[in-house]
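Source file: start.csv. Holds: CSV, C-alpha atoms.
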chain,number,residue,atom,x,y,z
A,1,MET,CA,80.6,148.2,77.6
A,2,ASP,CA,83.1,149.8,79.9
A,3,SER,CA,82.0,147.6,82.8
A,4,GLU,CA,82.2,144.5,80.6
A,5,THR,CA,85.7,145.4,79.5
A,6,GLN,CA,86.8,146.1,83.1
A,7,LEU,CA,85.4,142.7,84.1
A,8,THR,CA,87.3,140.9,81.4
A,9,ARG,CA,90.5,142.7,82.4
A,10,SER,CA,90.0,141.7,86.0
A,11,ARG,CA,89.4,138.1,85.1
A,12,SER,CA,92.6,138.1,82.9
A,13,ALA,CA,94.6,139.6,85.7
A,14,VAL,CA,93.3,137.0,88.2
A,15,SER,CA,94.0,134.2,85.8
A,16,PHE,CA,97.6,135.2,85.2
A,17,VAL,CA,98.2,135.5,89.0
A,18,LEU,CA,96.8,132.1,89.5
A,19,LEU,CA,98.8,130.8,86.6
A,20,VAL,CA,102.0,132.0,88.3
A,21,PHE,CA,101.1,130.4,91.6
A,22,ALA,CA,100.3,127.1,89.8
A,23,ILE,CA,103.6,127.1,87.8
A,24,VAL,CA,105.7,127.8,90.9
A,25,ALA,CA,103.9,125.1,92.9
A,26,PHE,CA,104.2,122.6,90.1
A,27,VAL,CA,108.0,123.2,89.7
A,28,VAL,CA,108.6,123.0,93.4
A,29,GLN,CA,106.6,119.8,93.8
A,30,SER,CA,108.4,118.2,90.9
A,31,GLU,CA,111.8,118.9,92.4
A,32,ILE,CA,110.7,117.7,95.8
A,33,VAL,CA,109.3,114.4,94.5
A,34,GLN,CA,112.5,113.8,92.6
A,35,TYR,CA,114.4,114.4,95.8
A,36,ILE,CA,112.2,112.1,97.9
A,37,GLN,CA,112.1,109.2,95.4
A,38,GLY,CA,115.7,109.7,94.2
A,39,LYS,CA,118.1,111.0,96.8
A,40,LEU,CA,116.2,109.8,99.8
A,41,ASP,CA,115.4,106.6,98.0
A,42,TYR,CA,111.8,106.5,99.2
A,43,ASN,CA,110.0,105.2,96.1
A,44,LYS,CA,106.5,105.1,97.4
A,45,PRO,CA,104.2,106.7,94.8
A,46,TRP,CA,101.0,105.6,96.4
A,47,PHE,CA,102.0,107.0,99.8
A,48,LEU,CA,103.0,110.3,98.3
A,49,LEU,CA,99.7,110.4,96.4
A,50,VAL,CA,97.6,109.7,99.4
A,51,ASN,CA,99.5,112.2,101.6
A,52,ASN,CA,99.1,114.8,98.9
A,53,ASP,CA,95.4,114.2,98.1
A,54,THR,CA,94.2,114.0,101.7
A,55,THR,CA,95.9,117.3,102.4
A,56,VAL,CA,93.6,118.9,99.9
A,57,ALA,CA,90.6,117.9,102.1
A,58,THR,CA,91.6,120.7,104.6
A,59,GLU,CA,90.9,123.2,101.8
A,60,SER,CA,87.1,122.6,101.9
A,61,SER,CA,86.5,122.8,105.6
A,62,PRO,CA,85.9,126.6,105.7
A,63,LEU,CA,83.3,126.3,103.0
A,64,LEU,CA,81.2,123.5,104.5
A,65,PRO,CA,79.1,125.8,106.8
A,66,GLU,CA,78.0,127.9,103.8
A,67,ARG,CA,77.1,124.9,101.8
A,68,THR,CA,75.2,123.4,104.8
A,69,THR,CA,73.3,126.7,105.2
A,70,ASN,CA,72.2,126.6,101.5
A,71,VAL,CA,71.2,122.9,101.7
A,72,ARG,CA,69.1,123.5,104.8
A,73,ARG,CA,66.8,125.8,102.7
A,74,LEU,CA,65.7,122.8,100.6
A,75,SER,CA,63.2,120.1,101.4
A,76,VAL,CA,64.4,116.8,102.8
A,77,GLY,CA,64.1,115.1,99.5
A,78,GLU,CA,65.9,117.8,97.6
A,79,ARG,CA,68.6,118.0,100.3
A,80,ARG,CA,69.3,114.2,99.9
A,81,LEU,CA,69.4,114.5,96.1
A,82,VAL,CA,71.8,117.5,96.2
A,83,LEU,CA,74.1,115.8,98.7
A,84,TRP,CA,74.1,112.6,96.7
A,85,LEU,CA,74.9,114.4,93.5
A,86,LEU,CA,77.7,116.3,95.2
A,87,PHE,CA,79.2,113.1,96.6
A,88,THR,CA,78.9,111.0,93.4
A,89,THR,CA,80.4,113.9,91.4
A,90,ALA,CA,83.3,114.2,93.8
A,91,ILE,CA,83.9,110.4,93.6
A,92,LYS,CA,84.1,110.6,89.8
A,93,LEU,CA,86.5,113.5,89.9
A,94,ALA,CA,88.6,111.9,92.6
A,95,THR,CA,88.9,108.7,90.6
A,96,VAL,CA,90.1,110.4,87.5
A,97,PHE,CA,92.4,112.7,89.5
A,98,SER,CA,93.9,109.9,91.5
A,99,VAL,CA,94.6,107.7,88.5
A,100,ALA,CA,96.4,110.6,86.7
A,101,SER,CA,98.3,111.6,89.8
A,102,TYR,CA,99.5,108.1,90.6
A,103,ALA,CA,100.6,107.6,87.1
A,104,TRP,CA,102.7,110.7,87.3
A,105,TYR,CA,104.3,109.6,90.6
A,106,VAL,CA,105.1,106.2,89.1
A,107,ALA,CA,106.8,107.8,86.1
A,108,VAL,CA,109.0,110.1,88.1
A,109,THR,CA,111.6,107.5,88.9
A,110,ARG,CA,111.3,105.6,85.6
A,111,ILE,CA,112.0,108.3,83.0
A,112,SER,CA,113.8,111.6,83.1
A,113,MET,CA,112.0,114.7,84.5
A,114,PRO,CA,112.3,116.7,81.3
A,115,ASP,CA,110.7,113.8,79.3
A,116,LEU,CA,108.0,113.4,82.0
A,117,THR,CA,107.2,117.1,82.1
A,118,ALA,CA,107.0,117.4,78.3
A,119,ILE,CA,104.7,114.3,78.0
A,120,TYR,CA,102.6,115.4,80.9
A,121,ASP,CA,102.2,118.9,79.6
A,122,SER,CA,101.1,117.6,76.2
A,123,SER,CA,97.7,117.2,77.9
A,124,CYS,CA,96.9,120.5,76.3
A,125,VAL,CA,96.1,118.6,73.1
A,126,PHE,CA,93.7,116.3,74.8
A,127,VAL,CA,92.2,119.3,76.7
A,128,TYR,CA,91.6,121.1,73.4
A,129,ILE,CA,89.9,118.0,71.8
A,130,LEU,CA,87.8,117.2,74.9
A,131,SER,CA,86.8,120.9,75.3
A,132,VAL,CA,85.4,120.9,71.8
A,133,ILE,CA,83.6,117.6,72.3
A,134,MET,CA,82.4,117.9,75.9
A,135,LEU,CA,82.2,121.6,76.5
A,136,ARG,CA,81.0,122.6,73.0
A,137,TYR,CA,83.9,125.1,72.5
A,138,ARG,CA,84.3,126.3,68.9
A,139,ALA,CA,87.3,124.9,67.1
A,140,LYS,CA,89.4,127.8,65.8
A,141,ILE,CA,92.2,127.9,63.3
A,142,SER,CA,94.3,130.1,65.6
A,143,LYS,CA,93.9,127.7,68.6
A,144,SER,CA,94.6,124.7,66.4
A,145,PHE,CA,97.8,126.4,65.2
A,146,ALA,CA,98.8,127.2,68.8
A,147,VAL,CA,98.3,123.5,69.6
A,148,ILE,CA,100.4,122.4,66.7
A,149,ILE,CA,103.3,124.8,67.3
A,150,THR,CA,103.4,123.8,71.0
A,151,MET,CA,103.5,120.1,70.1
A,152,VAL,CA,106.4,120.9,67.8
A,153,GLY,CA,108.2,122.6,70.7
A,154,ILE,CA,107.6,119.5,72.9
A,155,GLY,CA,109.0,117.4,70.2
A,156,PHE,CA,112.2,119.4,70.1
A,157,ILE,CA,112.6,119.2,73.9
A,158,SER,CA,111.9,115.5,74.3
A,159,GLY,CA,113.7,114.4,71.1
A,160,TRP,CA,116.7,116.7,71.0
A,161,ALA,CA,117.3,117.9,74.5
A,162,THR,CA,119.9,115.3,75.6
A,163,PRO,CA,122.1,117.1,78.2
A,164,PRO,CA,125.8,117.1,77.9
A,165,ASN,CA,127.9,114.3,79.6
A,166,GLY,CA,125.0,111.9,79.0
A,167,ASN,CA,123.1,113.3,81.9
A,168,THR,CA,119.5,112.3,81.5
A,169,GLY,CA,118.1,114.3,84.3
A,170,GLU,CA,117.7,111.3,86.6
A,171,PRO,CA,117.6,111.7,90.3
A,172,ASP,CA,120.9,112.0,92.1
A,173,GLY,CA,122.8,108.9,91.3
A,174,GLN,CA,119.7,106.8,91.1
A,175,SER,CA,119.2,104.6,88.0
A,176,LEU,CA,116.0,105.3,86.1
A,177,HIS,CA,116.0,101.7,85.0
A,178,ARG,CA,116.3,99.8,88.3
A,179,PHE,CA,112.7,98.6,88.0
A,180,PRO,CA,111.5,95.9,85.6
A,181,PHE,CA,110.5,97.3,82.2
A,182,SER,CA,111.2,100.8,83.6
A,183,PRO,CA,111.2,102.7,80.3
A,184,ILE,CA,108.0,101.1,79.1
A,185,VAL,CA,106.2,101.5,82.4
A,186,GLY,CA,107.5,105.1,82.7
A,187,PHE,CA,106.4,106.3,79.3
A,188,THR,CA,103.1,104.5,79.6
A,189,ALA,CA,102.4,106.0,83.0
A,190,ALA,CA,103.4,109.5,81.7
A,191,ILE,CA,101.0,109.2,78.8
A,192,LEU,CA,98.2,108.0,81.1
A,193,SER,CA,98.9,110.9,83.5
A,194,SER,CA,98.6,113.3,80.6
A,195,VAL,CA,95.3,112.0,79.3
A,196,GLY,CA,93.9,111.6,82.8
A,197,ALA,CA,94.9,115.2,83.7
A,198,ALA,CA,93.2,116.5,80.6
A,199,LEU,CA,90.0,114.5,81.3
A,200,CYS,CA,90.0,115.7,84.9
A,201,GLU,CA,90.4,119.3,83.9
A,202,VAL,CA,87.6,119.3,81.4
A,203,LEU,CA,85.2,117.3,83.8
A,204,PHE,CA,86.1,119.8,86.6
A,205,LYS,CA,85.1,122.7,84.3
A,206,LYS,CA,81.9,120.9,83.3
A,207,TRP,CA,80.7,119.7,86.7
A,208,ALA,CA,82.3,122.0,89.3
A,209,VAL,CA,82.1,125.5,87.6
A,210,PRO,CA,78.7,127.2,87.1
A,211,ALA,CA,77.9,128.0,83.5
A,212,ASN,CA,78.6,131.6,82.5
A,213,PRO,CA,78.8,133.2,85.9
A,214,HIS,CA,79.2,137.0,86.2
A,215,PRO,CA,81.5,137.4,87.9
A,216,PRO,CA,82.8,133.8,87.8
A,217,SER,CA,81.9,131.9,91.0
A,218,THR,CA,84.8,130.0,92.6
A,219,PHE,CA,82.7,128.5,95.5
A,220,LEU,CA,82.0,125.2,93.8
A,221,SER,CA,85.6,125.0,92.6
A,222,PHE,CA,86.8,125.4,96.2
A,223,PHE,CA,84.2,123.0,97.4
A,224,PHE,CA,84.9,120.2,94.9
A,225,THR,CA,88.7,120.6,95.3
A,226,GLY,CA,88.2,119.9,99.0
A,227,MET,CA,85.7,117.1,98.3
A,228,ILE,CA,88.2,115.3,96.1
A,229,GLY,CA,90.5,115.3,99.1
A,230,LEU,CA,87.8,114.0,101.4
A,231,VAL,CA,86.9,111.2,99.1
A,232,SER,CA,90.6,110.4,98.7
A,233,PHE,CA,90.9,110.2,102.5
A,234,MET,CA,88.0,107.9,102.7
A,235,PHE,CA,88.9,105.4,100.0
A,236,LEU,CA,92.6,105.6,98.9
A,237,TRP,CA,93.8,103.7,101.9
A,238,VAL,CA,92.4,100.5,100.3
A,239,GLY,CA,95.3,100.7,97.8
A,240,PHE,CA,97.9,100.1,100.5
A,241,PRO,CA,97.2,96.4,101.1
A,242,ILE,CA,96.5,95.7,97.4
A,243,LEU,CA,99.8,97.2,96.3
A,244,HIS,CA,101.6,95.6,99.2
A,245,TYR,CA,100.4,92.0,98.6
A,246,THR,CA,100.9,92.3,94.8
A,247,GLY,CA,104.5,93.4,95.5
A,248,PHE,CA,104.2,96.5,93.3
A,249,GLU,CA,104.7,98.8,96.2
A,250,THR,CA,105.4,97.3,99.6
A,251,PHE,CA,104.3,99.1,102.7
A,252,ASP,CA,107.5,99.7,104.6
A,253,PRO,CA,108.0,101.5,107.9
A,254,ILE,CA,109.0,105.2,107.8
A,255,PRO,CA,112.8,105.4,107.4
A,256,THR,CA,114.6,106.3,110.6
A,257,GLU,CA,117.7,107.6,108.8
A,258,ASN,CA,117.3,111.2,107.8
A,259,LEU,CA,113.9,111.2,109.4
A,260,GLY,CA,113.8,114.9,109.9
A,261,THR,CA,114.7,115.6,106.3
A,262,TRP,CA,112.2,113.0,105.1
A,263,ALA,CA,109.4,114.6,107.2
A,264,VAL,CA,110.2,118.1,105.9
A,265,ALA,CA,110.3,116.9,102.3
A,266,VAL,CA,107.0,115.0,102.6
A,267,GLY,CA,105.4,118.0,104.2
A,268,LEU,CA,106.6,120.3,101.5
A,269,ASN,CA,105.4,117.9,98.9
A,270,ALA,CA,101.9,118.0,100.4
A,271,PHE,CA,101.9,121.8,100.8
A,272,SER,CA,103.1,122.4,97.2
A,273,GLY,CA,100.6,119.9,95.9
A,274,LEU,CA,97.8,121.6,97.8
A,275,SER,CA,98.9,125.0,96.4
A,276,TYR,CA,99.0,123.6,92.9
A,277,ASN,CA,95.6,121.9,93.1
A,278,VAL,CA,93.9,125.0,94.5
A,279,SER,CA,95.4,127.5,92.2
A,280,PHE,CA,95.1,125.4,89.1
A,281,ASN,CA,91.4,124.5,89.8
A,282,LEU,CA,90.7,128.2,90.4
A,283,LEU,CA,92.4,129.0,87.2
A,284,VAL,CA,90.1,126.5,85.4
A,285,ALA,CA,87.2,128.3,87.0
A,286,THR,CA,88.2,131.8,85.9
A,287,ALA,CA,89.5,130.9,82.5
A,288,VAL,CA,88.9,128.3,79.8
A,289,PRO,CA,90.6,124.9,80.3
A,290,VAL,CA,92.7,125.3,77.2
A,291,PHE,CA,94.3,128.5,78.5
A,292,ALA,CA,95.0,126.8,81.9
A,293,SER,CA,96.6,123.7,80.2
A,294,PHE,CA,98.7,125.8,77.9
A,295,GLY,CA,99.8,128.1,80.7
A,296,ILE,CA,101.0,125.1,82.7
A,297,MET,CA,103.2,124.1,79.7
A,298,LEU,CA,105.4,127.1,80.6
A,299,THR,CA,106.8,124.7,83.3
A,300,ILE,CA,108.7,122.9,80.5
A,301,PRO,CA,111.2,125.6,79.8
A,302,ILE,CA,111.3,126.5,83.5
A,303,MET,CA,112.1,122.9,84.4
A,304,GLY,CA,114.8,122.9,81.7
A,305,VAL,CA,116.4,126.0,83.2
A,306,SER,CA,116.1,124.7,86.8
A,307,ASP,CA,117.7,121.3,85.8
A,308,SER,CA,120.5,123.2,84.1
A,309,ILE,CA,121.1,125.2,87.3
A,310,ALA,CA,121.0,122.1,89.5
A,311,THR,CA,123.3,120.0,87.2
A,312,GLY,CA,125.6,122.7,86.0
A,313,ASN,CA,125.0,121.8,82.4
A,314,PRO,CA,124.0,124.5,79.9
A,315,VAL,CA,120.5,124.6,78.5
A,316,GLY,CA,120.4,122.4,75.3
A,317,THR,CA,119.6,123.7,71.8
A,318,GLY,CA,116.4,121.6,71.7
A,319,THR,CA,115.2,123.0,75.0
A,320,MET,CA,115.8,126.6,73.7
A,321,ILE,CA,114.0,126.0,70.4
A,322,GLY,CA,111.2,124.0,72.0
A,323,SER,CA,110.7,126.6,74.8
A,324,ALA,CA,110.4,129.3,72.1
A,325,CYS,CA,107.7,127.4,70.3
A,326,ILE,CA,105.8,126.9,73.6
A,327,LEU,CA,106.0,130.6,74.4
A,328,VAL,CA,104.7,131.5,70.9
A,329,GLY,CA,101.9,129.0,71.2
A,330,PHE,CA,100.9,130.4,74.6
A,331,ALA,CA,101.1,134.0,73.4
A,332,ILE,CA,98.8,133.1,70.5
A,333,LEU,CA,96.2,131.5,72.8
A,334,SER,CA,96.5,134.4,75.4
A,335,PHE,CA,95.3,136.9,72.8
A,336,GLN,CA,92.3,134.9,71.8
A,337,ALA,CA,88.9,135.7,73.2
A,338,GLU,CA,87.4,133.1,75.4
A,339,ASP,CA,84.6,130.9,73.9
Output the file's structure as structure tokens, nothing else.
Amino acid sequence: MDSETQLTRSRSAVSFVLLVFAIVAFVVQSEIVQYIQGKLDYNKPWFLLVNNDTTVATESSPLLPERTTNVRRLSVGERRLVLWLLFTTAIKLATVFSVASYAWYVAVTRISMPDLTAIYDSSCVFVYILSVIMLRYRAKISKSFAVIITMVGIGFISGWATPPNGNTGEPDGQSLHRFPFSPIVGFTAAILSSVGAALCEVLFKKWAVPANPHPPSTFLSFFFTGMIGLVSFMFLWVGFPILHYTGFETFDPIPTENLGTWAVAVGLNAFSGLSYNVSFNLLVATAVPVFASFGIMLTIPIMGVSDSIATGNPVGTGTMIGSACILVGFAILSFQAED
């Protein structure tokens, strides 16, 4: 009993540390993407997506020898089957992950960051529903209440958090509505990114995390995170000519003005994206997806405070009330035993 309690406490401590890393990386990446697509006026969502996702491929390289050693113990037929299953699973995860990520990048310059963060983080509702359906988690009244009170908080933030002076949180001097049908496209993309992120999170837990490991194995989580990057490196380049010839995102040369600043910003975006993906997927592996999704929702009040510091405007009443609701919802969930 003591050893089981110690194991549970260790897992909780690891989960909270990973959550902190994921939150910091998410906030940093959000601000950098705003800077790149706003102040630097480099609105290339697909380029940023490919640059970010392919960087994740480097994370799996140290794990390939171990995986290769294990596969060599199998017969030729079993080896081919295992490798095929690993590859096809990585393709499925990479597809869902890329769609959700690209939708988020598209929405960045079309709606305000507070609205985007609130909508994106509402994925906790979809994670909860999909976890009950796909992972056979038990639906509990306490967790359902946590979902409801959190959604109330998101409603306060997105519906009542209009900053003073009419500042909508748009990137430095750049109009959020400079693209055709920007609000419609932006909110549609934000909702798509939210649903896609929830589906990817649940599928990652189902396919890339061994069932009931003691202690929880993170090997497959590392491996599949890297495999997603490798698959992205192999296939996402196809999107460049398609988007270019359709005119949705033209492939322009790298800007020569502020080249150094641009390179540093793009590099930081890739690094922060890598940090977020690794820490968040490990968080999914060591905790239930609902906890991971709810934990990331703490970025909503953090983004509100960071935007307030950046713009000099005080934190709005809606942001304060909504943030309190989110914190209460997260606290309720944190004290619940895992399914």
What is the CA of Gly329 in chain A to CA of Ala285 in chain A distance in Å?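 Interatomic distance here is 21.6 Å.
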Counting only C-alpha atoms, the residue among A:Val33, A:Val195, A:Ala139, A:Ile326 that lies closest to Met151 in chain A is A:Ile326
As a JSON list (two decimals) with C-alpha atoms, in the coordinates of the input, please: the residues near Ile36 in chain A (cut-off 12 Å, all atoms listed in the file, same-chain neighbours under 2 positions excluded).
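Okay, selection.json is ready:
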[["chain", "number", "residue", "atom", "x", "y", "z"],
["A", 29, "GLN", "CA", 106.60, 119.80, 93.80],
["A", 30, "SER", "CA", 108.40, 118.20, 90.90],
["A", 31, "GLU", "CA", 111.80, 118.90, 92.40],
["A", 32, "ILE", "CA", 110.70, 117.70, 95.80],
["A", 33, "VAL", "CA", 109.30, 114.40, 94.50],
["A", 34, "GLN", "CA", 112.50, 113.80, 92.60],
["A", 38, "GLY", "CA", 115.70, 109.70, 94.20],
["A", 39, "LYS", "CA", 118.10, 111.00, 96.80],
["A", 40, "LEU", "CA", 116.20, 109.80, 99.80],
["A", 41, "ASP", "CA", 115.40, 106.60, 98.00],
["A", 42, "TYR", "CA", 111.80, 106.50, 99.20],
["A", 43, "ASN", "CA", 110.00, 105.20, 96.10],
["A", 44, "LYS", "CA", 106.50, 105.10, 97.40],
["A", 45, "PRO", "CA", 104.20, 106.70, 94.80],
["A", 47, "PHE", "CA", 102.00, 107.00, 99.80],
["A", 48, "LEU", "CA", 103.00, 110.30, 98.30],
["A", 105, "TYR", "CA", 104.30, 109.60, 90.60],
["A", 108, "VAL", "CA", 109.00, 110.10, 88.10],
["A", 109, "THR", "CA", 111.60, 107.50, 88.90],
["A", 171, "PRO", "CA", 117.60, 111.70, 90.30],
["A", 172, "ASP", "CA", 120.90, 112.00, 92.10],
["A", 174, "GLN", "CA", 119.70, 106.80, 91.10],
["A", 255, "PRO", "CA", 112.80, 105.40, 107.40],
["A", 258, "ASN", "CA", 117.30, 111.20, 107.80],
["A", 259, "LEU", "CA", 113.90, 111.20, 109.40],
["A", 261, "THR", "CA", 114.70, 115.60, 106.30],
["A", 262, "TRP", "CA", 112.20, 113.00, 105.10],
["A", 263, "ALA", "CA", 109.40, 114.60, 107.20],
["A", 264, "VAL", "CA", 110.20, 118.10, 105.90],
["A", 265, "ALA", "CA", 110.30, 116.90, 102.30],
["A", 266, "VAL", "CA", 107.00, 115.00, 102.60],
["A", 267, "GLY", "CA", 105.40, 118.00, 104.20],
["A", 268, "LEU", "CA", 106.60, 120.30, 101.50],
["A", 269, "ASN", "CA", 105.40, 117.90, 98.90]]
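Here CA of Thr54 in chain A is placed at a distance of 17.6 Å from CA of Phe26 in chain A.
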Need to verify the contact set: range 231-246 of chain A, 12 Å, all atoms listed in the file, exclusion of same-chain residues closer than 5 positions in sequence. Can you return it as a ChimeraX atom specification? /A:44-58,60,86-99,101-102,224-226,251-252
Quick one: distance from CA of Cys325 in chain A to CA of Gly153 in chain A in Å, one decimal?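 Computing it gives 4.8 Å between the two atoms.
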Considering all atoms listed in the file, return as a PDB file with C-alpha atoms, in the frame of the given file whatever protein or nucleic-acid residues lie within 8 Å of Trp104 in chain A, sequence-local ones (same chain, fewer than 5 positions apart) excluded.
ATOM      1  CA  LEU A 116     108.000 113.400  82.000  1.00  0.00           C
ATOM      2  CA  TYR A 120     102.600 115.400  80.900  1.00  0.00           C
ATOM      3  CA  ALA A 189     102.400 106.000  83.000  1.00  0.00           C
ATOM      4  CA  ALA A 190     103.400 109.500  81.700  1.00  0.00           C
ATOM      5  CA  SER A 193      98.900 110.900  83.500  1.00  0.00           C
TER       6      SER A 193
END
